[in-house]
$ cat start.txt   # compact mmCIF, C-alpha atoms
# COMPACT_ATOMS: atom_id res chain seq x y z
CA MET A 1 48.68 -140.94 -15.92
CA SER A 2 49.72 -143.95 -13.98
CA LEU A 3 46.89 -143.63 -11.47
CA PHE A 4 44.60 -145.08 -14.12
CA ASN A 5 46.66 -148.29 -14.09
CA VAL A 6 45.30 -148.99 -10.63
CA PHE A 7 41.89 -149.71 -12.13
CA ASN A 8 43.31 -152.33 -14.49
CA VAL A 9 45.61 -153.92 -11.94
CA SER A 10 43.19 -154.05 -9.03
CA GLY A 11 40.37 -154.98 -11.40
CA SER A 12 42.30 -158.03 -12.56
CA ALA A 13 42.92 -158.97 -8.92
CA LEU A 14 39.19 -158.66 -8.19
CA ASN A 15 38.51 -161.03 -11.07
CA ALA A 16 41.10 -163.54 -9.82
CA GLU A 17 39.78 -163.41 -6.25
CA THR A 18 36.24 -163.93 -7.55
CA ILE A 19 37.36 -167.11 -9.31
CA ARG A 20 39.02 -168.19 -6.07
CA LEU A 21 35.77 -167.59 -4.16
CA ASN A 22 33.85 -169.51 -6.84
CA THR A 23 36.10 -172.56 -6.57
CA THR A 24 35.81 -172.40 -2.78
CA ALA A 25 32.02 -172.34 -3.08
CA SER A 26 32.15 -175.28 -5.47
CA ASN A 27 34.44 -177.21 -3.12
CA LEU A 28 32.26 -176.56 -0.06
CA ALA A 29 29.10 -177.47 -1.96
CA ASN A 30 30.63 -180.78 -3.04
CA ALA A 31 32.37 -181.52 0.26
CA GLU A 32 29.95 -184.31 1.11
CA SER A 33 29.47 -185.79 -2.35
CA VAL A 34 30.33 -189.48 -2.61
CA SER A 35 30.99 -191.94 -5.36
CA GLY A 36 31.51 -195.67 -5.61
CA ASP A 37 34.55 -195.16 -7.82
CA SER A 38 37.65 -193.40 -6.46
CA SER A 39 38.45 -191.92 -9.89
CA LYS A 40 35.01 -190.36 -10.31
CA VAL A 41 34.71 -188.65 -6.93
CA TYR A 42 34.82 -184.86 -6.72
CA ARG A 43 38.27 -183.46 -5.98
CA ALA A 44 38.97 -180.09 -4.39
CA ARG A 45 39.78 -177.44 -7.00
CA HIS A 46 42.13 -174.53 -6.51
CA PRO A 47 43.02 -171.70 -8.88
CA VAL A 48 46.68 -170.95 -9.65
CA PHE A 49 47.49 -167.24 -9.77
CA GLN A 50 50.10 -165.75 -12.04
CA THR A 51 51.43 -162.25 -12.52
CA MET A 52 50.64 -160.84 -15.96
CA MET A 53 54.19 -160.04 -16.96
CA ASN A 54 53.36 -159.63 -20.63
CA THR A 55 51.17 -156.60 -20.00
CA ALA A 56 54.08 -154.31 -19.16
CA ASP A 57 52.03 -151.29 -20.17
CA ALA A 58 53.18 -147.88 -19.00
CA GLY A 59 54.21 -148.62 -15.47
CA PHE A 60 57.17 -146.98 -13.88
CA ASP A 61 59.78 -146.21 -16.49
CA GLY A 62 58.74 -149.16 -18.66
CA GLN A 63 59.76 -151.71 -16.05
CA GLY A 64 56.39 -153.36 -15.98
CA ALA A 65 55.48 -151.93 -12.63
CA ALA A 66 51.76 -152.13 -13.19
CA THR A 67 51.14 -155.82 -13.71
CA GLY A 68 47.87 -157.41 -12.81
CA VAL A 69 47.12 -160.96 -11.82
CA ARG A 70 45.37 -163.67 -13.77
CA VAL A 71 44.25 -167.21 -13.13
CA LEU A 72 46.63 -169.52 -14.98
CA GLY A 73 44.40 -172.50 -14.44
CA VAL A 74 42.46 -174.55 -11.93
CA VAL A 75 44.19 -177.60 -10.49
CA GLU A 76 42.55 -180.52 -8.71
CA SER A 77 43.87 -181.62 -5.36
CA GLN A 78 45.81 -184.88 -5.50
CA ALA A 79 45.00 -185.84 -1.93
CA PRO A 80 43.46 -189.31 -1.71
CA PRO A 81 39.64 -189.39 -1.38
CA LEU A 82 38.23 -190.44 1.95
CA MET A 83 37.06 -194.07 2.09
CA ARG A 84 34.01 -194.86 4.17
CA TYR A 85 32.44 -198.23 4.89
CA GLN A 86 28.76 -197.79 4.05
CA PRO A 87 27.44 -201.06 2.67
CA ASP A 88 23.84 -199.81 2.66
CA ASN A 89 24.69 -196.84 0.46
CA PRO A 90 23.38 -197.49 -3.08
CA LEU A 91 26.62 -196.01 -4.49
CA ALA A 92 28.87 -198.37 -2.53
CA ASN A 93 31.25 -200.60 -4.48
CA LYS A 94 31.24 -204.37 -4.20
CA ASP A 95 33.26 -204.26 -0.97
CA GLY A 96 30.78 -201.86 0.63
CA TYR A 97 32.94 -198.75 0.47
CA VAL A 98 32.05 -195.28 -0.82
CA PHE A 99 34.60 -192.62 -1.70
CA SER A 100 34.02 -189.20 -0.28
CA SER A 101 35.53 -186.05 -1.82
CA ASN A 102 38.94 -184.91 -0.54
CA VAL A 103 37.69 -181.39 0.24
CA ASN A 104 39.11 -180.09 3.50
CA SER A 105 36.39 -177.81 4.85
CA ILE A 106 38.68 -175.97 7.26
CA GLU A 107 41.17 -175.27 4.49
CA GLU A 108 38.36 -174.02 2.26
CA MET A 109 36.98 -171.73 4.95
CA THR A 110 40.36 -170.11 5.61
CA ASN A 111 40.88 -169.79 1.87
CA MET A 112 37.53 -168.04 1.63
CA ILE A 113 38.44 -165.57 4.39
CA SER A 114 41.77 -164.85 2.71
CA ALA A 115 40.06 -164.25 -0.66
CA ASN A 116 37.51 -162.02 1.06
CA ARG A 117 40.26 -159.89 2.64
CA SER A 118 42.19 -159.61 -0.62
CA PHE A 119 39.02 -158.61 -2.45
CA ALA A 120 38.29 -155.87 0.10
CA THR A 121 41.88 -154.60 -0.09
CA ASN A 122 41.70 -154.27 -3.87
CA ILE A 123 38.34 -152.50 -3.67
CA GLU A 124 39.97 -150.09 -1.22
CA ALA A 125 42.87 -149.50 -3.63
CA ILE A 126 40.41 -148.70 -6.44
CA ASN A 127 38.45 -146.33 -4.21
CA THR A 128 41.65 -144.55 -3.15
CA ALA A 129 42.83 -144.16 -6.75
CA ARG A 130 39.41 -142.83 -7.74
CA ASP A 131 39.41 -140.30 -4.88
CA LEU A 132 42.91 -139.12 -5.81
CA LEU A 133 41.96 -138.77 -9.48
CA LEU A 134 38.80 -136.85 -8.65
CA LYS A 135 40.76 -134.50 -6.43
CA THR A 136 43.38 -134.07 -9.14
CA ILE A 137 40.70 -133.23 -11.71
CA SER A 138 39.37 -130.44 -9.51
CA MET A 139 42.86 -128.98 -9.05
CA GLY A 140 42.91 -125.18 -8.87
CA ARG A 141 39.18 -124.73 -8.39
CA MET B 1 58.15 -116.40 -13.56
CA PHE B 2 55.77 -119.28 -14.18
CA GLU B 3 58.45 -121.82 -15.03
CA ASN B 4 58.61 -123.48 -11.69
CA ILE B 5 55.80 -122.07 -9.62
CA PHE B 6 54.88 -125.34 -7.94
CA GLY B 7 58.42 -126.18 -6.91
CA ILE B 8 59.05 -129.80 -6.04
CA HIS B 9 55.36 -130.59 -5.70
CA GLU B 10 54.78 -131.00 -9.41
CA GLN B 11 57.32 -133.83 -9.60
CA ALA B 12 56.29 -135.18 -6.22
CA LEU B 13 52.67 -135.44 -7.37
CA LEU B 14 53.66 -137.40 -10.49
CA LEU B 15 55.93 -139.68 -8.49
CA HIS B 16 53.30 -140.32 -5.81
CA GLY B 17 50.85 -141.10 -8.59
CA GLN B 18 53.23 -143.70 -9.98
CA ARG B 19 53.86 -145.12 -6.55
CA VAL B 20 50.10 -145.64 -6.07
CA SER B 21 50.13 -147.87 -9.12
CA VAL B 22 53.24 -149.79 -7.97
CA LEU B 23 51.78 -150.39 -4.51
CA ALA B 24 48.39 -151.36 -5.98
CA THR B 25 50.24 -153.96 -8.06
CA ASN B 26 51.74 -155.37 -4.86
CA LEU B 27 48.31 -155.52 -3.25
CA ALA B 28 46.82 -157.15 -6.34
CA ASN B 29 49.51 -159.83 -6.36
CA ALA B 30 49.33 -160.56 -2.63
CA ASP B 31 48.25 -164.16 -3.36
CA THR B 32 50.40 -164.83 -6.43
CA PRO B 33 53.13 -167.41 -5.82
CA ASN B 34 56.70 -166.19 -6.47
CA TYR B 35 55.65 -162.57 -6.91
CA LYS B 36 58.24 -160.16 -5.50
CA ALA B 37 56.95 -156.93 -4.00
CA ARG B 38 58.39 -153.79 -5.59
CA ASP B 39 58.60 -150.18 -4.61
CA ILE B 40 60.02 -146.83 -5.66
CA ASP B 41 62.89 -145.32 -3.69
CA PHE B 42 61.09 -142.02 -3.42
CA SER B 43 63.82 -139.66 -2.21
CA GLU B 44 66.39 -141.07 -4.62
CA VAL B 45 64.16 -140.67 -7.67
CA LEU B 46 62.97 -137.24 -6.63
CA ALA B 47 66.55 -136.06 -6.10
CA ARG B 48 67.35 -137.01 -9.69
CA THR B 49 64.35 -135.30 -11.34
CA GLY B 50 65.95 -131.88 -11.14
CA ASP B 51 68.53 -132.38 -13.87
CA ALA B 52 67.01 -132.64 -17.32
CA PRO B 53 68.81 -135.32 -19.36
CA LEU B 54 68.53 -133.98 -22.91
CA PRO B 55 67.13 -130.58 -23.88
CA LEU B 56 65.25 -130.20 -27.16
CA GLN B 57 67.16 -128.56 -29.97
CA ILE B 58 66.02 -125.03 -30.73
CA THR B 59 66.52 -124.06 -34.38
CA GLN B 60 63.85 -121.37 -34.62
CA ALA B 61 63.15 -118.47 -32.34
CA ALA B 62 59.50 -119.55 -32.12
CA HIS B 63 60.38 -122.98 -30.69
CA ILE B 64 59.26 -123.51 -27.18
CA THR B 65 61.70 -125.08 -24.78
CA PHE B 66 60.35 -128.23 -23.26
CA ASN B 67 61.43 -129.13 -19.80
CA ASP B 68 62.07 -132.86 -19.96
CA SER B 69 62.41 -133.25 -16.23
CA GLU B 70 58.61 -133.52 -15.96
CA MET B 71 58.42 -137.28 -15.69
CA PRO B 72 60.38 -138.67 -12.76
CA ALA B 73 62.19 -141.87 -13.67
CA GLY B 74 64.30 -144.36 -11.83
CA GLU B 75 64.69 -147.98 -10.97
CA LEU B 76 62.05 -150.05 -9.32
CA LYS B 77 63.46 -151.85 -6.32
CA TYR B 78 62.47 -155.08 -4.67
CA ARG B 79 61.23 -155.03 -1.14
CA ASN B 80 63.08 -156.93 1.59
CA PRO B 81 60.43 -158.97 3.37
CA TYR B 82 60.43 -159.19 7.15
CA GLN B 83 59.46 -162.81 6.87
CA ALA B 84 59.23 -164.40 3.43
CA SER B 85 56.40 -166.82 2.88
CA LEU B 86 56.89 -170.37 1.63
CA ASP B 87 55.38 -169.77 -1.79
CA GLY B 88 58.06 -167.21 -2.66
CA ASN B 89 55.72 -164.24 -2.40
CA THR B 90 57.25 -161.24 -0.62
CA VAL B 91 54.10 -159.13 -0.32
CA GLU B 92 53.32 -158.42 3.31
CA MET B 93 49.82 -157.09 3.47
CA PRO B 94 50.17 -154.74 6.49
CA VAL B 95 53.41 -153.26 5.13
CA GLU B 96 51.87 -152.61 1.73
CA GLN B 97 48.66 -151.21 3.19
CA ALA B 98 50.62 -148.85 5.43
CA ALA B 99 52.78 -147.70 2.51
CA PHE B 100 49.69 -147.28 0.37
CA SER B 101 47.85 -145.08 2.85
CA GLU B 102 51.01 -143.08 3.60
CA ASN B 103 51.48 -142.47 -0.11
CA ASN B 104 47.83 -141.49 -0.37
CA VAL B 105 48.26 -138.82 2.30
CA ARG B 106 51.46 -137.50 0.72
CA TYR B 107 49.78 -137.29 -2.68
CA GLN B 108 46.97 -135.24 -1.19
CA ALA B 109 49.47 -133.04 0.64
CA SER B 110 51.29 -132.26 -2.63
CA LEU B 111 47.95 -131.60 -4.28
CA MET B 112 46.99 -129.23 -1.50
CA PHE B 113 50.26 -127.29 -1.83
CA ILE B 114 49.63 -126.90 -5.55
CA ASN B 115 46.03 -125.82 -4.97
CA GLN B 116 47.11 -123.23 -2.43
CA LYS B 117 49.75 -121.93 -4.80
CA ILE B 118 47.11 -121.54 -7.51
CA ALA B 119 44.78 -119.80 -5.06
CA ALA B 120 47.58 -117.43 -4.01
CA LEU B 121 48.40 -116.62 -7.63
CA GLN B 122 44.75 -116.02 -8.44
CA LEU B 123 44.53 -113.67 -5.47
CA ALA B 124 47.60 -111.82 -6.73
CA ILE B 125 46.16 -111.59 -10.26
CA ALA B 126 42.73 -110.43 -9.16
CA GLY B 127 44.20 -108.14 -6.56
CA GLN B 128 41.37 -108.41 -4.08
$ encode --input "start.txt" --output "structure tokens"
Amino acid sequence: MSLFNVFNVSGSALNAETIRLNTTASNLANAESVSGDSSKVYRARHPVFQTMMNTADAGFDGQGAATGVRVLGVVESQAPPLMRYQPDNPLANKDGYVFSSNVNSIEEMTNMISANRSFATNIEAINTARDLLLKTISMGR
Amino acid sequence: MFENIFGIHEQALLLHGQRVSVLATNLANADTPNYKARDIDFSEVLARTGDAPLPLQITQAAHITFNDSEMPAGELKYRNPYQASLDGNTVEMPVEQAAFSENNVRYQASLMFINQKIAALQLAIAGQ
């Protein structure tokens, strides 16, 4: 019964979106962190999603219709860190500069909203599949 | 008499059930780069379910014939996006959500037809 695939597929999407929300939270929490060394400053992290093509289970006619999503990895943003002149900061380098993280708060907020919407959509898909299955079970009663 | 009491709705229910899973896959991969949205051409697949491809061989009188047209099969097609996004993903959330809820309603409609058929048959059997 292919309706059961919905739980696997949407469940994997929920997991992926949760990781996305977690990286967003991490990025926002570290948005204001500074360092005296540009290589040691926090960099924005973003998950990379990938379709699970190898799990071509059941699906429609064995064409791998029901394929979930997984997080391939988390990449760090390569944008340059923000340089600020703060000579009285104890972390400042010998020229008086501190390096602030390259987290773009606006980008992170929109990312969070998008992840939130996707999460809700997948929850809705699971609920619908569950309702349909429950109605199918009680067929003929 | 009971060979095909549910008519097209038996196949339609199975096909709608498979389409739920296909559309849920699209929704799940809405943020996956390079994912191409897929869908079932419903009328085309349903039109083909009538003809059974290969019947089972019957060598004994006690063998039961098995109707192999139970499981609808066909090709999954790729959706043409109205406006493709830059990351190569062709899932358009509103389109998929609309298709998903439409499919949901059609599934329930098929289910209701089957339920009413069962109720009618039970009425005929009980005779009251």
$ closest_atom_pairs --input "start.txt" --of "chain B" --to "chain A" --cutoff "8 Å" --atoms "only C-alpha atoms" --output "CSV"
residue,atom,partner,partner_atom,distance
B:Gly17,CA,A:Leu3,CA,5.5
B:Gln18,CA,A:Ser2,CA,5.3
B:Val20,CA,A:Leu3,CA,6.6
B:Ser21,CA,A:Val6,CA,5.2
B:Val22,CA,A:Ala65,CA,5.6
B:Ala24,CA,A:Val6,CA,6.1
B:Thr25,CA,A:Ala66,CA,5.7
B:Leu27,CA,A:Asn122,CA,6.8
B:Ala28,CA,A:Ala13,CA,5.0
B:Asn29,CA,A:Val69,CA,6.1
B:Ala30,CA,A:Ser118,CA,7.5
B:Asp31,CA,A:Phe49,CA,7.2
B:Thr32,CA,A:Phe49,CA,5.0
B:Pro33,CA,A:Phe49,CA,6.9
B:Tyr35,CA,A:Thr51,CA,7.0
B:Arg38,CA,A:Ala65,CA,7.8
B:Ala73,CA,A:Asp61,CA,5.7
B:Gly74,CA,A:Asp61,CA,6.8
B:Glu75,CA,A:Asp61,CA,7.6
B:Leu76,CA,A:Gln63,CA,7.3
B:Asn104,CA,A:Thr128,CA,7.4
B:Tyr107,CA,A:Leu132,CA,7.8
B:Gln108,CA,A:Leu132,CA,7.3
B:Leu111,CA,A:Thr136,CA,7.1
B:Ile114,CA,A:Gly140,CA,7.7
B:Asn115,CA,A:Gly140,CA,5.0
B:Gln116,CA,A:Gly140,CA,7.9
B:Ile118,CA,A:Gly140,CA,5.7
B:Ala119,CA,A:Gly140,CA,6.9
$ atom_distance --input "start.txt" --atom1 "CA of His46 (chain A)" --atom2 "CA of Ala29 (chain A)"
14.1 Å
$ residues_around --input "start.txt" --residues "region 95-109 of chain A" --least-positions-apart "3" --cutoff "6 Å" --atoms "all atoms listed in the file" --output "PDB file with C-alpha atoms, in the coordinates of the input"
ATOM      1  CA  THR A  24      35.810-172.400  -2.780  1.00  0.00           C
ATOM      2  CA  ALA A  31      32.370-181.520   0.260  1.00  0.00           C
ATOM      3  CA  VAL A  34      30.330-189.480  -2.610  1.00  0.00           C
ATOM      4  CA  SER A  35      30.990-191.940  -5.360  1.00  0.00           C
ATOM      5  CA  GLY A  36      31.510-195.670  -5.610  1.00  0.00           C
ATOM      6  CA  SER A  38      37.650-193.400  -6.460  1.00  0.00           C
ATOM      7  CA  VAL A  41      34.710-188.650  -6.930  1.00  0.00           C
ATOM      8  CA  TYR A  42      34.820-184.860  -6.720  1.00  0.00           C
ATOM      9  CA  ARG A  43      38.270-183.460  -5.980  1.00  0.00           C
ATOM     10  CA  ALA A  44      38.970-180.090  -4.390  1.00  0.00           C
ATOM     11  CA  PRO A  81      39.640-189.390  -1.380  1.00  0.00           C
ATOM     12  CA  LEU A  82      38.230-190.440   1.950  1.00  0.00           C
ATOM     13  CA  MET A  83      37.060-194.070   2.090  1.00  0.00           C
ATOM     14  CA  ARG A  84      34.010-194.860   4.170  1.00  0.00           C
ATOM     15  CA  TYR A  85      32.440-198.230   4.890  1.00  0.00           C
ATOM     16  CA  GLN A  86      28.760-197.790   4.050  1.00  0.00           C
ATOM     17  CA  PRO A  87      27.440-201.060   2.670  1.00  0.00           C
ATOM     18  CA  ALA A  92      28.870-198.370  -2.530  1.00  0.00           C
ATOM     19  CA  MET A 112      37.530-168.040   1.630  1.00  0.00           C
TER      20      MET A 112
END
$ atom_distance --input "start.txt" --atom1 "CA of Glu32 (chain A)" --atom2 "CA of Ser77 (chain A)"
15.6 Å
$ atom_distance --input "start.txt" --atom1 "CA of Ser39 (chain A)" --atom2 "CA of Glu76 (chain A)"
12.2 Å
$ residues_around --input "start.txt" --residues "Lys36 (chain B)" --least-positions-apart "4" --cutoff "9 Å" --atoms "only C-alpha atoms" --output "VMD selection string"
chain B and resid 26 29 78 to 79 88 to 91
$ closest_residue --input "start.txt" --among "B:Leu46, B:Leu123, B:Ala99, B:Ala62" --to "Gly7 (chain B)" --atoms "only C-alpha atoms"
B:Leu46
